[in-house]
Amino acid sequence: MKRFRHLIFTAALGLSALHAQAASVLVVLSDADHLDLKDGKVFPTGFYLNELMQPVKRLLDAGHQVTFATPGGLAPTLDKSSDDKKYFNNDDAAWRTHRALLDALKLTSPEASPVISLARAAQRGYGEFDAIYIPGGHAPMQDLLTSRAVGEALAAFHAAGKPTALVCHGPIALLSTLPDAPAFTRALAENGHATAQPGWIYAGYRMTVISNAEEEIAKGLLPTGGAMKFYPQTALEQAGGKFSSNNEPFTPHIVTDRELITGQNPASASGVAQALLTRLASPSVKHH
C-alpha cells in the first residue's frame, strides 16, 4: 500500500511539473480572404494549412495552451492551394491528421470559430501570454502589415522579450510596428522604394521571410498577369531588417535573433515550431 501511495504521489508531482511547464501562446492570423494585386487584380488567399497547423499541433501535443486571434475577430480563411500533401513531405497521413485537427478546432467556421479579436486579447492583457506566433499564406500582406492592433501586440511581446515567431509571409506583420506603417507600405507600392523610419523596434534584427527569388518562382499561383505590389523581402530590408536567405529555394531556413524567430517558407514551419518549443522550455521563460 505504501508503495502504491508513493506511485500516486510521484505521478501527481509529475503532472504538477507538466502543468507548471505549460505555456500560453497567442496565434495571430489575418482577417483577409484575398490579396489586392497591381492593376486591380485580386488573389483569393488566406493562411497556409501547414504553416498554421504544424506549429499548433506541436504546441498542443506539448501541453501548451493556444489562443487564436485576428485583428477584427473574424474566422480566418484557409488558402485552398495549401490544402495539399506536398506541404507535408507528400505524407498523406500527416496531411490528413493536420487537416482533421483544423476541422476539429472549427477555426474557419463563421459560426463556431474560437477566434477572438486582438482588442479582446489586449483586454485580457498580453502579459497573460508567453509567446506569439504568426503563420503565413499571402493574407498577412493584405492587413497584418499595417494593422495597429497587430503592431501593439508585437510591441508588447518585444518589450517583454517574449518569443515572437513568424513564418513565410508572416514576418511582413513586423512592419505593423513602424511609426507609420501605412505610409511606408504605400510608398513601397507606388515607388518600389520606401525610406526607413526611425524608431522601428526590429531595425537591425536578423530575420528571414519568403525571398524575392521564391516569390518569382511562385508567381504561377497568382491570376494570369497578376503581380504583387511589392515583395516582403524588399519591404523588410528597406525597413531596416537584416535579411537572411537559404541557398536553395523552398528549403527550410530558420533565423533567430533575440526574441525573434522567423522561418523563410512553408518548409520552415516545423523548424520554427521546434525553435519556439525550445524557447518555451527555457527556464528564462515564465509561464502563466
# chains A, B, ... in the order shown; residues from 1 in each chain; ligands from 1

call {"tool": "residues_around", "arguments": {"residues": "stretch 74-91 of chain A", "least_positions_apart": "2", "cutoff": "8 Å", "atoms": "only C-alpha atoms", "output": "mmCIF file with N, CA, C and O atoms, in the first residue's frame"}}
result
data_model
loop_
_atom_site.group_PDB
_atom_site.id
_atom_site.type_symbol
_atom_site.label_atom_id
_atom_site.label_comp_id
_atom_site.auth_asym_id
_atom_site.auth_seq_id
_atom_site.Cartn_x
_atom_site.Cartn_y
_atom_site.Cartn_z
ATOM 1 N N LEU A 29 -3.744 35.463 -36.792
ATOM 2 C CA LEU A 29 -3.994 35.235 -38.208
ATOM 3 C C LEU A 29 -4.615 36.471 -38.839
ATOM 4 O O LEU A 29 -5.063 37.389 -38.144
ATOM 5 N N SER A 30 -4.680 36.461 -40.157
ATOM 6 C CA SER A 30 -5.281 37.562 -40.908
ATOM 7 C C SER A 30 -6.795 37.410 -40.978
ATOM 8 O O SER A 30 -7.326 36.299 -40.999
ATOM 9 N N ASP A 31 -7.485 38.530 -41.032
ATOM 10 C CA ASP A 31 -8.921 38.532 -41.313
ATOM 11 C C ASP A 31 -9.206 38.370 -42.803
ATOM 12 O O ASP A 31 -10.328 38.066 -43.193
ATOM 13 N N ALA A 32 -8.188 38.607 -43.634
ATOM 14 C CA ALA A 32 -8.405 38.721 -45.082
ATOM 15 C C ALA A 32 -8.560 37.362 -45.769
ATOM 16 O O ALA A 32 -7.940 36.374 -45.376
ATOM 17 N N ASP A 33 -9.376 37.354 -46.815
ATOM 18 C CA ASP A 33 -9.528 36.162 -47.643
ATOM 19 C C ASP A 33 -9.013 36.398 -49.062
ATOM 20 O O ASP A 33 -9.265 35.625 -49.971
ATOM 21 N N PRO A 44 -7.423 35.334 -54.432
ATOM 22 C CA PRO A 44 -8.041 34.678 -53.276
ATOM 23 C C PRO A 44 -6.972 33.928 -52.470
ATOM 24 O O PRO A 44 -6.196 33.154 -53.027
ATOM 25 N N THR A 45 -6.926 34.152 -51.186
ATOM 26 C CA THR A 45 -5.887 33.519 -50.371
ATOM 27 C C THR A 45 -6.352 33.409 -48.927
ATOM 28 O O THR A 45 -7.543 33.505 -48.636
ATOM 29 N N GLY A 46 -5.434 33.214 -48.015
ATOM 30 C CA GLY A 46 -5.725 33.056 -46.600
ATOM 31 C C GLY A 46 -4.463 32.577 -45.909
ATOM 32 O O GLY A 46 -3.364 32.984 -46.291
ATOM 33 N N PHE A 47 -4.593 31.688 -44.925
ATOM 34 C CA PHE A 47 -3.419 31.117 -44.274
ATOM 35 C C PHE A 47 -3.070 29.787 -44.930
ATOM 36 O O PHE A 47 -3.923 29.119 -45.516
ATOM 37 N N TYR A 48 -1.793 29.400 -44.810
ATOM 38 C CA TYR A 48 -1.353 28.103 -45.327
ATOM 39 C C TYR A 48 -1.574 27.034 -44.255
ATOM 40 O O TYR A 48 -1.199 27.232 -43.092
ATOM 41 N N LEU A 49 -2.147 25.919 -44.682
ATOM 42 C CA LEU A 49 -2.504 24.845 -43.758
ATOM 43 C C LEU A 49 -1.324 24.392 -42.914
ATOM 44 O O LEU A 49 -1.401 24.354 -41.686
ATOM 45 N N ASN A 50 -0.212 24.049 -43.554
ATOM 46 C CA ASN A 50 0.903 23.502 -42.774
ATOM 47 C C ASN A 50 1.560 24.569 -41.907
ATOM 48 O O ASN A 50 2.055 24.283 -40.813
ATOM 49 N N THR A 70 -7.542 37.294 -34.558
ATOM 50 C CA THR A 70 -7.355 38.077 -35.782
ATOM 51 C C THR A 70 -7.630 39.534 -35.420
ATOM 52 O O THR A 70 -8.241 39.798 -34.380
ATOM 53 N N PRO A 71 -7.194 40.482 -36.238
ATOM 54 C CA PRO A 71 -7.422 41.883 -35.880
ATOM 55 C C PRO A 71 -8.881 42.202 -35.571
ATOM 56 O O PRO A 71 -9.192 42.854 -34.575
ATOM 57 N N GLY A 72 -9.800 41.703 -36.412
ATOM 58 C CA GLY A 72 -11.207 42.010 -36.208
ATOM 59 C C GLY A 72 -12.027 40.903 -35.588
ATOM 60 O O GLY A 72 -13.244 41.039 -35.430
ATOM 61 N N ALA A 93 -0.843 10.698 -44.632
ATOM 62 C CA ALA A 93 -1.371 10.573 -43.270
ATOM 63 C C ALA A 93 -1.149 11.854 -42.474
ATOM 64 O O ALA A 93 -2.042 12.310 -41.744
ATOM 65 N N ALA A 94 0.029 12.456 -42.625
ATOM 66 C CA ALA A 94 0.332 13.700 -41.899
ATOM 67 C C ALA A 94 -0.591 14.827 -42.367
ATOM 68 O O ALA A 94 -1.112 15.602 -41.556
ATOM 69 N N TRP A 95 -0.778 14.905 -43.670
ATOM 70 C CA TRP A 95 -1.673 15.925 -44.228
ATOM 71 C C TRP A 95 -3.075 15.769 -43.647
ATOM 72 O O TRP A 95 -3.684 16.736 -43.170
ATOM 73 N N ARG A 99 -5.154 18.332 -41.176
ATOM 74 C CA ARG A 99 -6.410 18.871 -41.682
ATOM 75 C C ARG A 99 -7.557 18.525 -40.733
ATOM 76 O O ARG A 99 -8.450 19.341 -40.476
ATOM 77 N N LEU A 107 -11.746 26.445 -36.667
ATOM 78 C CA LEU A 107 -11.176 27.780 -36.832
ATOM 79 C C LEU A 107 -11.811 28.579 -37.955
ATOM 80 O O LEU A 107 -12.010 29.783 -37.842
ATOM 81 N N THR A 108 -12.110 27.916 -39.061
ATOM 82 C CA THR A 108 -12.605 28.634 -40.246
ATOM 83 C C THR A 108 -14.126 28.732 -40.281
ATOM 84 O O THR A 108 -14.683 29.255 -41.244
ATOM 85 N N SER A 109 -14.788 28.242 -39.245
ATOM 86 C CA SER A 109 -16.249 28.284 -39.218
ATOM 87 C C SER A 109 -16.753 29.671 -38.830
ATOM 88 O O SER A 109 -16.448 30.159 -37.734
ATOM 89 N N PRO A 110 -17.528 30.338 -39.703
ATOM 90 C CA PRO A 110 -18.039 31.675 -39.369
ATOM 91 C C PRO A 110 -18.900 31.668 -38.103
ATOM 92 O O PRO A 110 -18.951 32.662 -37.381
ATOM 93 N N SER A 113 -16.164 29.470 -34.874
ATOM 94 C CA SER A 113 -14.734 29.693 -34.698
ATOM 95 C C SER A 113 -14.421 30.219 -33.298
ATOM 96 O O SER A 113 -15.109 31.106 -32.788
ATOM 97 N N VAL A 115 -11.908 31.952 -32.599
ATOM 98 C CA VAL A 115 -11.045 33.129 -32.771
ATOM 99 C C VAL A 115 -11.631 34.342 -32.055
ATOM 100 O O VAL A 115 -12.832 34.602 -32.105
ATOM 101 N N ILE A 116 -10.749 35.083 -31.389
ATOM 102 C CA ILE A 116 -11.149 36.332 -30.746
ATOM 103 C C ILE A 116 -10.471 37.499 -31.470
ATOM 104 O O ILE A 116 -9.551 37.300 -32.266
ATOM 105 N N SER A 117 -10.918 38.705 -31.207
ATOM 106 C CA SER A 117 -10.275 39.884 -31.778
ATOM 107 C C SER A 117 -9.042 40.240 -30.971
ATOM 108 O O SER A 117 -8.923 39.878 -29.792
ATOM 109 N N GLY A 137 0.961 32.337 -45.647
ATOM 110 C CA GLY A 137 -0.097 32.494 -46.612
ATOM 111 C C GLY A 137 -0.018 33.950 -47.027
ATOM 112 O O GLY A 137 0.569 34.779 -46.309
ATOM 113 N N PRO A 266 7.129 27.695 -46.497
ATOM 114 C CA PRO A 266 6.330 26.623 -45.899
ATOM 115 C C PRO A 266 7.176 25.496 -45.297
ATOM 116 O O PRO A 266 6.811 24.936 -44.251
ATOM 117 N N ALA A 267 8.280 25.177 -45.941
ATOM 118 C CA ALA A 267 9.137 24.084 -45.449
ATOM 119 C C ALA A 267 9.804 24.421 -44.117
ATOM 120 O O ALA A 267 10.369 23.538 -43.464
#

call {"tool": "select_by_dssp", "arguments": {"residues": "stretch 28-217 of chain A", "states": "alpha helix (DSSP H)", "output": "JSON list (two decimals) with C-alpha atoms, in the first residue's frame"}}
result
[["chain", "number", "residue", "atom", "x", "y", "z"],
["A", 49, "LEU", "CA", -2.50, 24.85, -43.76],
["A", 50, "ASN", "CA", 0.90, 23.50, -42.77],
["A", 51, "GLU", "CA", 2.23, 26.88, -41.63],
["A", 52, "LEU", "CA", -0.57, 27.16, -39.11],
["A", 53, "MET", "CA", -1.21, 23.57, -38.12],
["A", 54, "GLN", "CA", 2.28, 22.08, -37.86],
["A", 55, "PRO", "CA", 3.29, 24.52, -35.09],
["A", 56, "VAL", "CA", -0.18, 24.47, -33.50],
["A", 57, "LYS", "CA", -0.19, 20.66, -33.31],
["A", 58, "ARG", "CA", 3.31, 20.63, -31.86],
["A", 59, "LEU", "CA", 2.29, 23.20, -29.23],
["A", 60, "LEU", "CA", -0.87, 21.32, -28.28],
["A", 61, "ASP", "CA", 0.94, 17.97, -28.20],
["A", 92, "ASP", "CA", -0.77, 11.61, -46.89],
["A", 93, "ALA", "CA", -1.37, 10.57, -43.27],
["A", 94, "ALA", "CA", 0.33, 13.70, -41.90],
["A", 95, "TRP", "CA", -1.67, 15.93, -44.23],
["A", 96, "ARG", "CA", -4.96, 14.32, -43.19],
["A", 97, "THR", "CA", -4.05, 14.45, -39.48],
["A", 98, "HIS", "CA", -3.33, 18.17, -39.58],
["A", 99, "ARG", "CA", -6.41, 18.87, -41.68],
["A", 100, "ALA", "CA", -8.56, 16.89, -39.25],
["A", 101, "LEU", "CA", -7.18, 18.96, -36.34],
["A", 102, "LEU", "CA", -8.05, 22.18, -38.19],
["A", 103, "ASP", "CA", -11.58, 20.89, -38.72],
["A", 104, "ALA", "CA", -11.88, 19.83, -35.08],
["A", 105, "LEU", "CA", -10.83, 23.29, -33.90],
["A", 118, "LEU", "CA", -6.94, 41.40, -30.85],
["A", 119, "ALA", "CA", -8.89, 44.03, -28.92],
["A", 120, "ARG", "CA", -10.27, 41.21, -26.77],
["A", 121, "ALA", "CA", -6.78, 39.73, -26.36],
["A", 122, "ALA", "CA", -5.48, 43.15, -25.31],
["A", 123, "GLN", "CA", -8.27, 43.44, -22.75],
["A", 124, "ARG", "CA", -7.20, 40.11, -21.28],
["A", 148, "ARG", "CA", -2.37, 49.00, -35.45],
["A", 149, "ALA", "CA", -3.72, 46.20, -33.26],
["A", 150, "VAL", "CA", -1.07, 43.80, -34.57],
["A", 151, "GLY", "CA", 1.60, 46.45, -34.02],
["A", 152, "GLU", "CA", 0.52, 46.95, -30.41],
["A", 153, "ALA", "CA", 0.56, 43.20, -29.79],
["A", 154, "LEU", "CA", 4.02, 42.71, -31.28],
["A", 155, "ALA", "CA", 5.36, 45.73, -29.43],
["A", 156, "ALA", "CA", 4.11, 44.26, -26.14],
["A", 157, "PHE", "CA", 5.88, 40.95, -26.74],
["A", 158, "HIS", "CA", 9.02, 42.77, -27.92],
["A", 159, "ALA", "CA", 9.10, 44.98, -24.82],
["A", 160, "ALA", "CA", 8.80, 41.90, -22.61],
["A", 181, "ALA", "CA", 3.25, 51.54, -41.47],
["A", 182, "PRO", "CA", 0.54, 52.69, -43.95],
["A", 183, "ALA", "CA", 2.79, 55.46, -45.30],
["A", 184, "PHE", "CA", 5.75, 53.08, -45.59],
["A", 185, "THR", "CA", 3.84, 50.40, -47.48],
["A", 186, "ARG", "CA", 2.08, 52.97, -49.67],
["A", 187, "ALA", "CA", 5.42, 54.45, -50.75],
["A", 188, "LEU", "CA", 6.75, 50.97, -51.45],
["A", 189, "ALA", "CA", 3.72, 50.07, -53.58],
["A", 190, "GLU", "CA", 3.79, 53.34, -55.53],
["A", 191, "ASN", "CA", 7.53, 53.85, -55.96],
["A", 212, "ASN", "CA", 12.20, 37.59, -53.76],
["A", 213, "ALA", "CA", 13.61, 34.60, -55.64],
["A", 214, "GLU", "CA", 10.96, 32.32, -54.17],
["A", 215, "GLU", "CA", 8.22, 34.85, -54.94],
["A", 216, "GLU", "CA", 9.34, 34.88, -58.57],
["A", 217, "ILE", "CA", 9.14, 31.08, -58.70]]

call {"tool": "residues_around", "arguments": {"residues": "A:Val272", "least_positions_apart": "2", "cutoff": "7 Å", "atoms": "only C-alpha atoms", "output": "PyMOL selection string"}}
result
chain A and resi 165+254+261-263+268-270+274-276

call {"tool": "residues_around", "arguments": {"residues": "A:Gly204", "least_positions_apart": "4", "cutoff": "10 Å", "atoms": "only C-alpha atoms", "output": "VMD selection string"}}
result
chain A and resid 200 237 239 to 243 257

call {"tool": "residues_around", "arguments": {"residues": "A:Thr164", "least_positions_apart": "2", "cutoff": "7 Å", "atoms": "only C-alpha atoms", "output": "PyMOL selection string"}}
result
chain A and resi 131-133+157+162+166+259-261

call {"tool": "atom_distance", "arguments": {"atom1": "atom CA of A:Lys38", "atom2": "atom CA of A:Asn265"}}
result
22.9 Å

call {"tool": "closest_residue", "arguments": {"among": "A:Gly127, A:Gly63, A:Pro140, A:Gly73", "to": "A:Gly161", "atoms": "only C-alpha atoms"}}
result
A:Gly127

call {"tool": "atom_distance", "arguments": {"atom1": "atom CA of A:Pro198", "atom2": "atom CA of A:His169"}}
result
23.4 Å

call {"tool": "select_by_dssp", "arguments": {"residues": "stretch 16-88 of chain A", "states": "strand (DSSP E)", "output": "list in words"}}
result
Ser24, Val25, Leu26, Val27, Val28, His34, Leu35, Asp36, Val42, Phe43, Pro44, Gln65, Val66, Thr67, Phe68, Ala69 and Thr70 of chain A

call {"tool": "write_last_selection", "arguments": {"atoms": "all heavy atoms", "output": "short mmCIF file (atom, residue, chain, number, x, y, z; two decimals), in the first residue's frame"}}
result
data_model
loop_
_atom_site.label_atom_id
_atom_site.label_comp_id
_atom_site.auth_asym_id
_atom_site.auth_seq_id
_atom_site.Cartn_x
_atom_site.Cartn_y
_atom_site.Cartn_z
N SER A 24 1.25 29.61 -22.55
CA SER A 24 0.09 30.15 -23.27
C SER A 24 0.58 30.92 -24.48
O SER A 24 1.35 31.88 -24.34
CB SER A 24 -0.72 31.06 -22.34
OG SER A 24 -1.85 31.57 -23.02
N VAL A 25 0.18 30.48 -25.67
CA VAL A 25 0.67 31.07 -26.92
C VAL A 25 -0.47 31.74 -27.68
O VAL A 25 -1.53 31.14 -27.88
CB VAL A 25 1.33 29.99 -27.81
CG1 VAL A 25 1.84 30.62 -29.11
CG2 VAL A 25 2.47 29.31 -27.05
N LEU A 26 -0.24 32.96 -28.09
CA LEU A 26 -1.21 33.70 -28.91
C LEU A 26 -0.86 33.49 -30.37
O LEU A 26 0.25 33.82 -30.81
CB LEU A 26 -1.17 35.19 -28.56
CG LEU A 26 -2.14 36.09 -29.32
CD1 LEU A 26 -3.59 35.74 -28.99
CD2 LEU A 26 -1.86 37.57 -29.02
N VAL A 27 -1.78 32.92 -31.14
CA VAL A 27 -1.59 32.71 -32.57
C VAL A 27 -2.43 33.74 -33.32
O VAL A 27 -3.65 33.77 -33.18
CB VAL A 27 -1.99 31.28 -33.00
CG1 VAL A 27 -1.87 31.12 -34.51
CG2 VAL A 27 -1.12 30.25 -32.29
N VAL A 28 -1.76 34.59 -34.08
CA VAL A 28 -2.44 35.69 -34.78
C VAL A 28 -2.53 35.39 -36.27
O VAL A 28 -1.53 35.10 -36.92
CB VAL A 28 -1.72 37.03 -34.55
CG1 VAL A 28 -2.39 38.15 -35.34
CG2 VAL A 28 -1.70 37.37 -33.06
N HIS A 34 -8.28 37.53 -49.24
CA HIS A 34 -7.74 37.86 -50.56
C HIS A 34 -6.56 38.80 -50.41
O HIS A 34 -6.33 39.37 -49.34
CB HIS A 34 -8.80 38.52 -51.43
CG HIS A 34 -9.16 39.91 -50.96
ND1 HIS A 34 -10.00 40.15 -49.89
CD2 HIS A 34 -8.74 41.14 -51.40
CE1 HIS A 34 -10.10 41.45 -49.70
NE2 HIS A 34 -9.35 42.09 -50.59
N LEU A 35 -5.81 38.97 -51.49
CA LEU A 35 -4.73 39.96 -51.55
C LEU A 35 -4.96 40.82 -52.77
O LEU A 35 -5.11 40.31 -53.89
CB LEU A 35 -3.37 39.26 -51.66
CG LEU A 35 -2.16 40.18 -51.87
CD1 LEU A 35 -1.98 41.13 -50.68
CD2 LEU A 35 -0.89 39.37 -52.11
N ASP A 36 -5.01 42.13 -52.57
CA ASP A 36 -5.13 43.06 -53.69
C ASP A 36 -3.79 43.15 -54.42
O ASP A 36 -2.76 43.41 -53.78
CB ASP A 36 -5.54 44.45 -53.20
CG ASP A 36 -6.94 44.47 -52.63
OD1 ASP A 36 -7.80 43.71 -53.14
OD2 ASP A 36 -7.20 45.23 -51.66
N VAL A 42 -7.20 40.69 -58.09
CA VAL A 42 -7.39 40.17 -56.74
C VAL A 42 -7.01 38.69 -56.70
O VAL A 42 -7.36 37.93 -57.60
CB VAL A 42 -8.85 40.35 -56.27
CG1 VAL A 42 -9.06 39.71 -54.90
CG2 VAL A 42 -9.21 41.82 -56.22
N PHE A 43 -6.30 38.30 -55.64
CA PHE A 43 -5.85 36.93 -55.47
C PHE A 43 -6.54 36.32 -54.25
O PHE A 43 -6.29 36.75 -53.13
CB PHE A 43 -4.33 36.92 -55.30
CG PHE A 43 -3.73 35.57 -54.98
CD1 PHE A 43 -4.10 34.43 -55.68
CD2 PHE A 43 -2.79 35.45 -53.97
CE1 PHE A 43 -3.54 33.19 -55.39
CE2 PHE A 43 -2.21 34.21 -53.68
CZ PHE A 43 -2.61 33.08 -54.39
N PRO A 44 -7.42 35.33 -54.43
CA PRO A 44 -8.04 34.68 -53.28
C PRO A 44 -6.97 33.93 -52.47
O PRO A 44 -6.20 33.15 -53.03
CB PRO A 44 -9.03 33.69 -53.91
CG PRO A 44 -9.21 34.15 -55.31
CD PRO A 44 -7.91 34.77 -55.71
N GLN A 65 -1.12 25.85 -24.14
CA GLN A 65 -2.43 26.41 -24.48
C GLN A 65 -2.28 27.36 -25.65
O GLN A 65 -1.31 28.12 -25.73
CB GLN A 65 -3.02 27.14 -23.28
CG GLN A 65 -3.27 26.25 -22.07
CD GLN A 65 -3.80 27.03 -20.88
OE1 GLN A 65 -3.67 28.25 -20.83
NE2 GLN A 65 -4.38 26.33 -19.92
N VAL A 66 -3.25 27.33 -26.56
CA VAL A 66 -3.20 28.18 -27.75
C VAL A 66 -4.48 29.00 -27.84
O VAL A 66 -5.58 28.46 -27.70
CB VAL A 66 -3.04 27.33 -29.04
CG1 VAL A 66 -3.09 28.22 -30.27
CG2 VAL A 66 -1.73 26.56 -29.00
N THR A 67 -4.32 30.30 -28.03
CA THR A 67 -5.45 31.20 -28.24
C THR A 67 -5.31 31.79 -29.64
O THR A 67 -4.23 32.29 -30.01
CB THR A 67 -5.46 32.35 -27.21
OG1 THR A 67 -5.59 31.79 -25.90
CG2 THR A 67 -6.61 33.32 -27.48
N PHE A 68 -6.38 31.74 -30.43
CA PHE A 68 -6.35 32.24 -31.80
C PHE A 68 -7.00 33.61 -31.86
O PHE A 68 -8.06 33.83 -31.27
CB PHE A 68 -7.08 31.28 -32.74
CG PHE A 68 -6.49 29.90 -32.77
CD1 PHE A 68 -6.99 28.89 -31.96
CD2 PHE A 68 -5.44 29.60 -33.61
CE1 PHE A 68 -6.45 27.61 -31.97
CE2 PHE A 68 -4.89 28.33 -33.65
CZ PHE A 68 -5.39 27.34 -32.81
N ALA A 69 -6.37 34.53 -32.60
CA ALA A 69 -6.92 35.88 -32.73
C ALA A 69 -6.66 36.43 -34.12
O ALA A 69 -5.70 36.05 -34.79
CB ALA A 69 -6.29 36.80 -31.68
N THR A 70 -7.54 37.29 -34.56
CA THR A 70 -7.36 38.08 -35.78
C THR A 70 -7.63 39.53 -35.42
O THR A 70 -8.24 39.80 -34.38
CB THR A 70 -8.32 37.63 -36.91
OG1 THR A 70 -9.67 37.84 -36.48
CG2 THR A 70 -8.12 36.17 -37.27
#

call {"tool": "closest_residue", "arguments": {"among": "A:Arg258, A:Lys229, A:His253, A:Lys219", "to": "A:Tyr202", "atoms": "only C-alpha atoms"}}
result
A:Arg258

call {"tool": "atom_distance", "arguments": {"atom1": "atom CA of A:Gln264", "atom2": "atom CA of A:Lys106"}}
result
27.3 Å
